[in-house]
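Q: Shown below is the structure under consideration.
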Amino acid sequence: MNYRKYKESRNLAWRILIGEGVTKLPVDIVQLCRNMGIRVQYFSSSVDDNDGYCIILFGRPRIFVRKECSPERQRFTIAHELGHILLGHVGHYNLVNREPNAKDNPIEQEANVFASRILAPACVLWALDARTPEQIAQICRISHQAASFRAQRMAILFERDRFLTSSIERQVYEQFSSFIEEERQRHRFSGTSGI
C-alpha cells in the first residue's frame with residue numbers, strides 16, 4: 001500500500017476517535033458504530049474464510065460478524081468493516097475479512113490500517129510503553145495475531161521515536177490523557193513494570 005493511502009486510513013481512524021469522543025481502551029467498537037448510525041449484526045457460519053462483511057441496506061450501512069469468532073477477533077472485524085464503509089470501499093470492491101495478512105490486497109490493507117489504528121492508537125500504546133503482542137492484545141482486546149502485527153509496527157515507531165508529530169495525533173493523545181495517567185498509576189501501584 002502506498003504511503004498516501006496508509007496516511008489517509010490512519011488519519012481517518014484518528015479523526016473518528018476525536019470526533020466520537022473516545023477516551024479509553026479498549027474502544028467499544030460496537031457502541032462507536034451505533035453512535036455513527038451503523039448497525040452491527042451477527043451471523044453463524046461453519047465456513048472459516050470470511051469473518052465478516054458490510055453492505056448498504058436501504059441506504060444505511062450494516063456490518064455482519066461471524067458469531068464463531070472470538071470476541072477479540074469480532075472487535076477487529078467490526079473495526080475493519082467500519083474502515084471499509086468510511087473509506088468508501090463498499091459496493092466498489094470484492095471485500096474479504098479474515099485475520100490480517102501482509103499479502104492482503106491494498107484495499108484490505110487500508111481497512112486493516114484503519115482497524116488497528118482505531119483499536120490500538122500508537123500514541124496511546126507509546127505512552128503506556130506497550131511493546132509486546134501480549135501487552136497490546138490485553139490493553140486493546142484484539143487477537144494475538146492482530147496484536148503481533150501492531151507490535152511489529154510499534155517496534156518501528158519506537159525505533160524511530162516518531163510520536164506526536166502530527167497535530168491530529170496530539171489531539172488523540174490529549175483525549176486519552178486521563179486514561180493514560182490512570183493506567184500508569186494502576187500499574188505503578190500494582191508493582192508491575194510497564195503495562
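FYI, nothing fancy with the C-alpha cells labels: chains A, B, ... in order, residues from 1 per chain, ligands from 1 as they appear.
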Find the spatial neighbours of Ile139 in chain A, counting only C-alpha atoms, within a cut-off of 9 Å - ignore same-chain residues fewer than 3 positions away - and output them as a list in words.

A: Leu25, Pro26, Ala120, Leu125, Ala130, Glu134, Gln135, Ile136, Ile142 and Ile195 of chain A

Q: The selected residues should be written to file as a CSV table (one decimal), in the first residue's frame (atoms: N, CA and C atoms).

A:
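That gives us part_21.csv:
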```csv
chain,number,residue,atom,x,y,z
A,25,LEU,N,-9.2,2.8,26.2
A,25,LEU,CA,-9.0,1.5,25.6
A,25,LEU,C,-9.5,0.4,26.6
A,26,PRO,N,-10.1,-0.7,26.2
A,26,PRO,CA,-10.4,-0.9,24.8
A,26,PRO,C,-11.6,-0.1,24.2
A,120,ALA,N,-6.0,0.4,18.4
A,120,ALA,CA,-4.7,0.4,19.1
A,120,ALA,C,-3.9,1.6,18.7
A,125,LEU,N,-0.4,3.6,23.0
A,125,LEU,CA,0.5,2.4,23.3
A,125,LEU,C,1.9,2.9,23.7
A,130,ALA,N,3.6,0.0,25.8
A,130,ALA,CA,3.1,-1.3,25.4
A,130,ALA,C,3.9,-1.7,24.1
A,134,GLU,N,1.5,-9.4,23.6
A,134,GLU,CA,0.7,-9.8,24.7
A,134,GLU,C,0.1,-8.5,25.4
A,135,GLN,N,1.0,-7.5,25.6
A,135,GLN,CA,0.5,-6.2,26.2
A,135,GLN,C,-0.5,-5.6,25.3
A,136,ILE,N,-0.3,-5.5,24.0
A,136,ILE,CA,-1.2,-4.8,23.1
A,136,ILE,C,-2.5,-5.6,23.1
A,142,ILE,N,-7.7,-7.2,21.4
A,142,ILE,CA,-7.6,-7.7,20.0
A,142,ILE,C,-6.9,-9.1,20.0
A,195,ILE,N,3.2,-1.8,31.2
A,195,ILE,CA,1.7,-2.2,31.3
A,195,ILE,C,1.5,-3.6,30.9
```

Q: Would you list the contacts of range 163-166 of chain A as an mmCIF file with all heavy atoms, in the first residue's frame, taking every protein, DNA or RNA residue within 12 Å and counting only C-alpha atoms, but skipping same-chain residues closer than 6 positions in sequence?

A:
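Contents of part_30.cif, as written:
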```
data_model
loop_
_atom_site.group_PDB
_atom_site.id
_atom_site.type_symbol
_atom_site.label_atom_id
_atom_site.label_comp_id
_atom_site.auth_asym_id
_atom_site.auth_seq_id
_atom_site.Cartn_x
_atom_site.Cartn_y
_atom_site.Cartn_z
ATOM 1 N N LYS A 7 -1.606 6.861 5.107
ATOM 2 C CA LYS A 7 -1.835 8.061 5.903
ATOM 3 C C LYS A 7 -3.324 8.425 5.935
ATOM 4 O O LYS A 7 -3.849 8.813 6.980
ATOM 5 C CB LYS A 7 -1.007 9.210 5.307
ATOM 6 C CG LYS A 7 -0.911 10.417 6.170
ATOM 7 C CD LYS A 7 0.060 11.405 5.550
ATOM 8 C CE LYS A 7 0.028 12.731 6.278
ATOM 9 N NZ LYS A 7 0.896 13.720 5.659
ATOM 10 N N ARG A 10 -4.982 5.926 8.384
ATOM 11 C CA ARG A 10 -4.551 6.235 9.750
ATOM 12 C C ARG A 10 -5.214 7.512 10.264
ATOM 13 O O ARG A 10 -5.770 7.543 11.359
ATOM 14 C CB ARG A 10 -3.032 6.394 9.777
ATOM 15 C CG ARG A 10 -2.470 6.746 11.143
ATOM 16 C CD ARG A 10 -1.089 7.345 11.035
ATOM 17 N NE ARG A 10 -1.141 8.655 10.384
ATOM 18 C CZ ARG A 10 -0.071 9.298 9.933
ATOM 19 N NH1 ARG A 10 1.124 8.761 10.043
ATOM 20 N NH2 ARG A 10 -0.185 10.481 9.370
ATOM 21 N N ASN A 11 -5.164 8.564 9.463
ATOM 22 C CA ASN A 11 -5.728 9.843 9.888
ATOM 23 C C ASN A 11 -7.242 9.771 10.060
ATOM 24 O O ASN A 11 -7.799 10.417 10.951
ATOM 25 C CB ASN A 11 -5.349 10.951 8.914
ATOM 26 C CG ASN A 11 -3.875 11.311 8.991
ATOM 27 O OD1 ASN A 11 -3.124 10.787 9.813
ATOM 28 N ND2 ASN A 11 -3.447 12.188 8.106
ATOM 29 N N TRP A 14 -7.884 8.323 13.437
ATOM 30 C CA TRP A 14 -7.674 9.344 14.471
ATOM 31 C C TRP A 14 -8.830 10.332 14.520
ATOM 32 O O TRP A 14 -9.295 10.696 15.592
ATOM 33 C CB TRP A 14 -6.375 10.101 14.205
ATOM 34 C CG TRP A 14 -5.126 9.312 14.454
ATOM 35 C CD1 TRP A 14 -4.994 8.140 15.153
ATOM 36 C CD2 TRP A 14 -3.822 9.662 14.021
ATOM 37 N NE1 TRP A 14 -3.673 7.739 15.168
ATOM 38 C CE2 TRP A 14 -2.934 8.655 14.478
ATOM 39 C CE3 TRP A 14 -3.298 10.721 13.279
ATOM 40 C CZ2 TRP A 14 -1.564 8.696 14.234
ATOM 41 C CZ3 TRP A 14 -1.941 10.754 13.033
ATOM 42 C CH2 TRP A 14 -1.086 9.759 13.505
ATOM 43 N N ARG A 15 -9.309 10.769 13.337
ATOM 44 C CA ARG A 15 -10.417 11.737 13.305
ATOM 45 C C ARG A 15 -11.697 11.144 13.898
ATOM 46 O O ARG A 15 -12.459 11.845 14.563
ATOM 47 C CB ARG A 15 -10.650 12.241 11.883
ATOM 48 C CG ARG A 15 -9.608 13.258 11.449
ATOM 49 C CD ARG A 15 -10.009 14.022 10.200
ATOM 50 N NE ARG A 15 -10.196 13.197 9.025
ATOM 51 C CZ ARG A 15 -9.222 12.790 8.216
ATOM 52 N NH1 ARG A 15 -7.968 13.140 8.446
ATOM 53 N NH2 ARG A 15 -9.489 12.046 7.171
ATOM 54 N N PRO A 121 -4.365 2.854 19.022
ATOM 55 C CA PRO A 121 -3.645 4.044 18.560
ATOM 56 C C PRO A 121 -2.205 4.072 19.094
ATOM 57 O O PRO A 121 -1.965 3.859 20.283
ATOM 58 C CB PRO A 121 -4.462 5.215 19.107
ATOM 59 C CG PRO A 121 -5.479 4.643 20.028
ATOM 60 C CD PRO A 121 -5.520 3.172 19.844
ATOM 61 N N ALA A 122 -1.265 4.317 18.186
ATOM 62 C CA ALA A 122 0.157 4.250 18.522
ATOM 63 C C ALA A 122 0.535 5.183 19.665
ATOM 64 O O ALA A 122 1.306 4.798 20.544
ATOM 65 C CB ALA A 122 1.002 4.568 17.285
ATOM 66 N N CYS A 123 0.001 6.395 19.675
ATOM 67 C CA CYS A 123 0.408 7.348 20.715
ATOM 68 C C CYS A 123 -0.006 6.871 22.104
ATOM 69 O O CYS A 123 0.701 7.120 23.089
ATOM 70 C CB CYS A 123 -0.122 8.748 20.419
ATOM 71 S SG CYS A 123 -1.915 8.879 20.343
ATOM 72 N N VAL A 124 -1.121 6.163 22.207
ATOM 73 C CA VAL A 124 -1.567 5.644 23.499
ATOM 74 C C VAL A 124 -0.692 4.458 23.907
ATOM 75 O O VAL A 124 -0.241 4.374 25.054
ATOM 76 C CB VAL A 124 -3.060 5.259 23.464
ATOM 77 C CG1 VAL A 124 -3.508 4.688 24.803
ATOM 78 C CG2 VAL A 124 -3.919 6.464 23.066
ATOM 79 N N LEU A 125 -0.412 3.559 22.956
ATOM 80 C CA LEU A 125 0.468 2.432 23.261
ATOM 81 C C LEU A 125 1.857 2.916 23.661
ATOM 82 O O LEU A 125 2.472 2.386 24.584
ATOM 83 C CB LEU A 125 0.544 1.488 22.055
ATOM 84 C CG LEU A 125 -0.772 0.826 21.644
ATOM 85 C CD1 LEU A 125 -0.563 -0.033 20.406
ATOM 86 C CD2 LEU A 125 -1.380 0.026 22.780
ATOM 87 N N TRP A 126 2.345 3.945 22.971
ATOM 88 C CA TRP A 126 3.642 4.539 23.296
ATOM 89 C C TRP A 126 3.636 5.090 24.720
ATOM 90 O O TRP A 126 4.552 4.825 25.503
ATOM 91 C CB TRP A 126 3.954 5.642 22.291
ATOM 92 C CG TRP A 126 5.055 6.565 22.685
ATOM 93 C CD1 TRP A 126 6.392 6.296 22.695
ATOM 94 C CD2 TRP A 126 4.921 7.927 23.107
ATOM 95 N NE1 TRP A 126 7.101 7.405 23.105
ATOM 96 C CE2 TRP A 126 6.205 8.417 23.367
ATOM 97 C CE3 TRP A 126 3.824 8.764 23.292
ATOM 98 C CZ2 TRP A 126 6.439 9.718 23.803
ATOM 99 C CZ3 TRP A 126 4.041 10.066 23.718
ATOM 100 C CH2 TRP A 126 5.345 10.517 23.971
ATOM 101 N N ALA A 127 2.588 5.824 25.057
ATOM 102 C CA ALA A 127 2.504 6.422 26.397
ATOM 103 C C ALA A 127 2.453 5.358 27.490
ATOM 104 O O ALA A 127 2.917 5.586 28.608
ATOM 105 C CB ALA A 127 1.281 7.329 26.487
ATOM 106 N N MET A 154 4.776 -1.009 15.948
ATOM 107 C CA MET A 154 5.185 -0.214 17.108
ATOM 108 C C MET A 154 6.700 -0.284 17.292
ATOM 109 O O MET A 154 7.315 0.711 17.670
ATOM 110 C CB MET A 154 4.462 -0.699 18.375
ATOM 111 C CG MET A 154 2.983 -0.360 18.420
ATOM 112 S SD MET A 154 2.620 1.422 18.299
ATOM 113 C CE MET A 154 3.406 2.021 19.803
ATOM 114 N N ILE A 156 8.928 -0.427 15.000
ATOM 115 C CA ILE A 156 9.489 0.541 14.039
ATOM 116 C C ILE A 156 9.312 1.955 14.566
ATOM 117 O O ILE A 156 10.245 2.775 14.530
ATOM 118 C CB ILE A 156 8.818 0.377 12.658
ATOM 119 C CG1 ILE A 156 9.192 -0.977 12.050
ATOM 120 C CG2 ILE A 156 9.196 1.521 11.724
ATOM 121 C CD1 ILE A 156 8.327 -1.380 10.857
ATOM 122 N N LEU A 157 8.137 2.248 15.086
ATOM 123 C CA LEU A 157 7.868 3.601 15.607
ATOM 124 C C LEU A 157 8.726 3.908 16.832
ATOM 125 O O LEU A 157 9.231 5.019 16.973
ATOM 126 C CB LEU A 157 6.380 3.759 15.930
ATOM 127 C CG LEU A 157 5.433 3.687 14.733
ATOM 128 C CD1 LEU A 157 3.979 3.724 15.195
ATOM 129 C CD2 LEU A 157 5.717 4.805 13.745
ATOM 130 N N VAL A 172 -5.440 13.135 19.701
ATOM 131 C CA VAL A 172 -5.790 11.803 20.207
ATOM 132 C C VAL A 172 -5.111 11.584 21.559
ATOM 133 O O VAL A 172 -5.750 11.170 22.528
ATOM 134 C CB VAL A 172 -5.391 10.682 19.212
ATOM 135 C CG1 VAL A 172 -5.576 9.295 19.833
ATOM 136 C CG2 VAL A 172 -6.189 10.804 17.919
ATOM 137 N N TYR A 173 -3.838 11.892 21.629
ATOM 138 C CA TYR A 173 -3.080 11.721 22.871
ATOM 139 C C TYR A 173 -3.721 12.522 24.008
ATOM 140 O O TYR A 173 -3.921 11.995 25.112
ATOM 141 C CB TYR A 173 -1.628 12.158 22.644
ATOM 142 C CG TYR A 173 -0.763 12.027 23.860
ATOM 143 C CD1 TYR A 173 -0.216 10.805 24.228
ATOM 144 C CD2 TYR A 173 -0.483 13.138 24.665
ATOM 145 C CE1 TYR A 173 0.585 10.681 25.344
ATOM 146 C CE2 TYR A 173 0.313 13.024 25.783
ATOM 147 C CZ TYR A 173 0.839 11.791 26.122
ATOM 148 O OH TYR A 173 1.622 11.671 27.240
ATOM 149 N N GLU A 174 -4.051 13.767 23.753
ATOM 150 C CA GLU A 174 -4.677 14.614 24.782
ATOM 151 C C GLU A 174 -6.015 14.038 25.223
ATOM 152 O O GLU A 174 -6.347 14.054 26.407
ATOM 153 C CB GLU A 174 -4.859 16.044 24.266
ATOM 154 C CG GLU A 174 -3.585 16.839 24.226
ATOM 155 C CD GLU A 174 -2.897 16.957 25.581
ATOM 156 O OE1 GLU A 174 -3.600 17.218 26.597
ATOM 157 O OE2 GLU A 174 -1.666 16.765 25.637
#
```

Q: Excluding Tyr53 in chain A and residues on its chain fewer than 6 positions from it, collect all residues at most 7 Å away from it, counting only C-alpha atoms, and give them as a PDB file with C-alpha atoms, in the first residue's frame.

A:
```
ATOM      1  CA  ILE A  63     -21.792  -4.758   9.469  1.00  0.00           C
ATOM      2  CA  PHE A  64     -22.173  -8.528   9.795  1.00  0.00           C
ATOM      3  CA  VAL A  65     -19.800 -10.534  12.014  1.00  0.00           C
ATOM      4  CA  GLU A  81     -15.613  -3.345   8.180  1.00  0.00           C
ATOM      5  CA  ASN A  97     -12.355 -10.236   6.062  1.00  0.00           C
TER       6      ASN A  97
END
```

Q: Name the residues in contact with His144 in chain A at a cut-off of 7 Å, using only C-alpha atoms, excluding same-chain residues fewer than 3 positions from it; report them as a ChimeraX atom specification.

A: /A:133-134,137,147-148

Q: Measuring atom to atom with only C-alpha atoms, identify which of A:Leu57, A:Cys33, A:Ile18, A:Met1 is nearest to Pro106 in chain A.

A: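 Smallest separation from Pro106 in chain A among the options: A:Met1.
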
Q: Please list as a PyMOL selection string every residue within 9 Å of Arg60 in chain A, counting only C-alpha atoms and excluding residues in the same chain fewer than 3 positions away.

A: chain A and resi 37-39+55-57

Q: Could you give me, as an MDAnalysis selection string, each residue of range 38-120 of chain A that DSSP assigns to strand (DSSP E or B) when run on this structure's backbone?

A: chainID A and resid 39:43 52:57 60:66

Q: Find the residue from A:Ser116, A:Ser143, A:Gln138, A:Thr132 that sits nearest to Ala155 in chain A; use only C-alpha atoms when measuring.

A: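 Result for the nearest residue to Ala155 in chain A: A:Thr132.
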
Q: Looking at only C-alpha atoms, which of A:Glu183, A:Asp49, A:Glu8, A:Glu169 is the one that sits closest to Gly88 in chain A?

A: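 For Gly88 in chain A, the nearest of the candidates is A:Glu8.
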
Q: For the atom pair CA of Cys54 in chain A and CA of Gln171 in chain A, what is the interatomic distance in Å to one decimal place?

A: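 Interatomic distance, CA of Cys54 in chain A to CA of Gln171 in chain A: 29.4 Å.
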
Q: Here is a test: counting only C-alpha atoms, which residue of A:Thr77, A:Lys67, A:Glu159, A:Leu32 is nearest to Ser45 in chain A?

A: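 Of A:Thr77, A:Lys67, A:Glu159, A:Leu32, the one nearest Ser45 in chain A, counting only C-alpha atoms, is A:Lys67.
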
Q: Give me every alpha helix (DSSP H) residue in range 25-70 of chain A, going by DSSP on the backbone, as an NGL selection string.

A: :A and (29-35)

Q: Would you mind reading off the distance between CA of Asn2 in chain A and CA of Arg150 in chain A, one decimal, in Å?

A: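 A separation of 18.1 Å between them.
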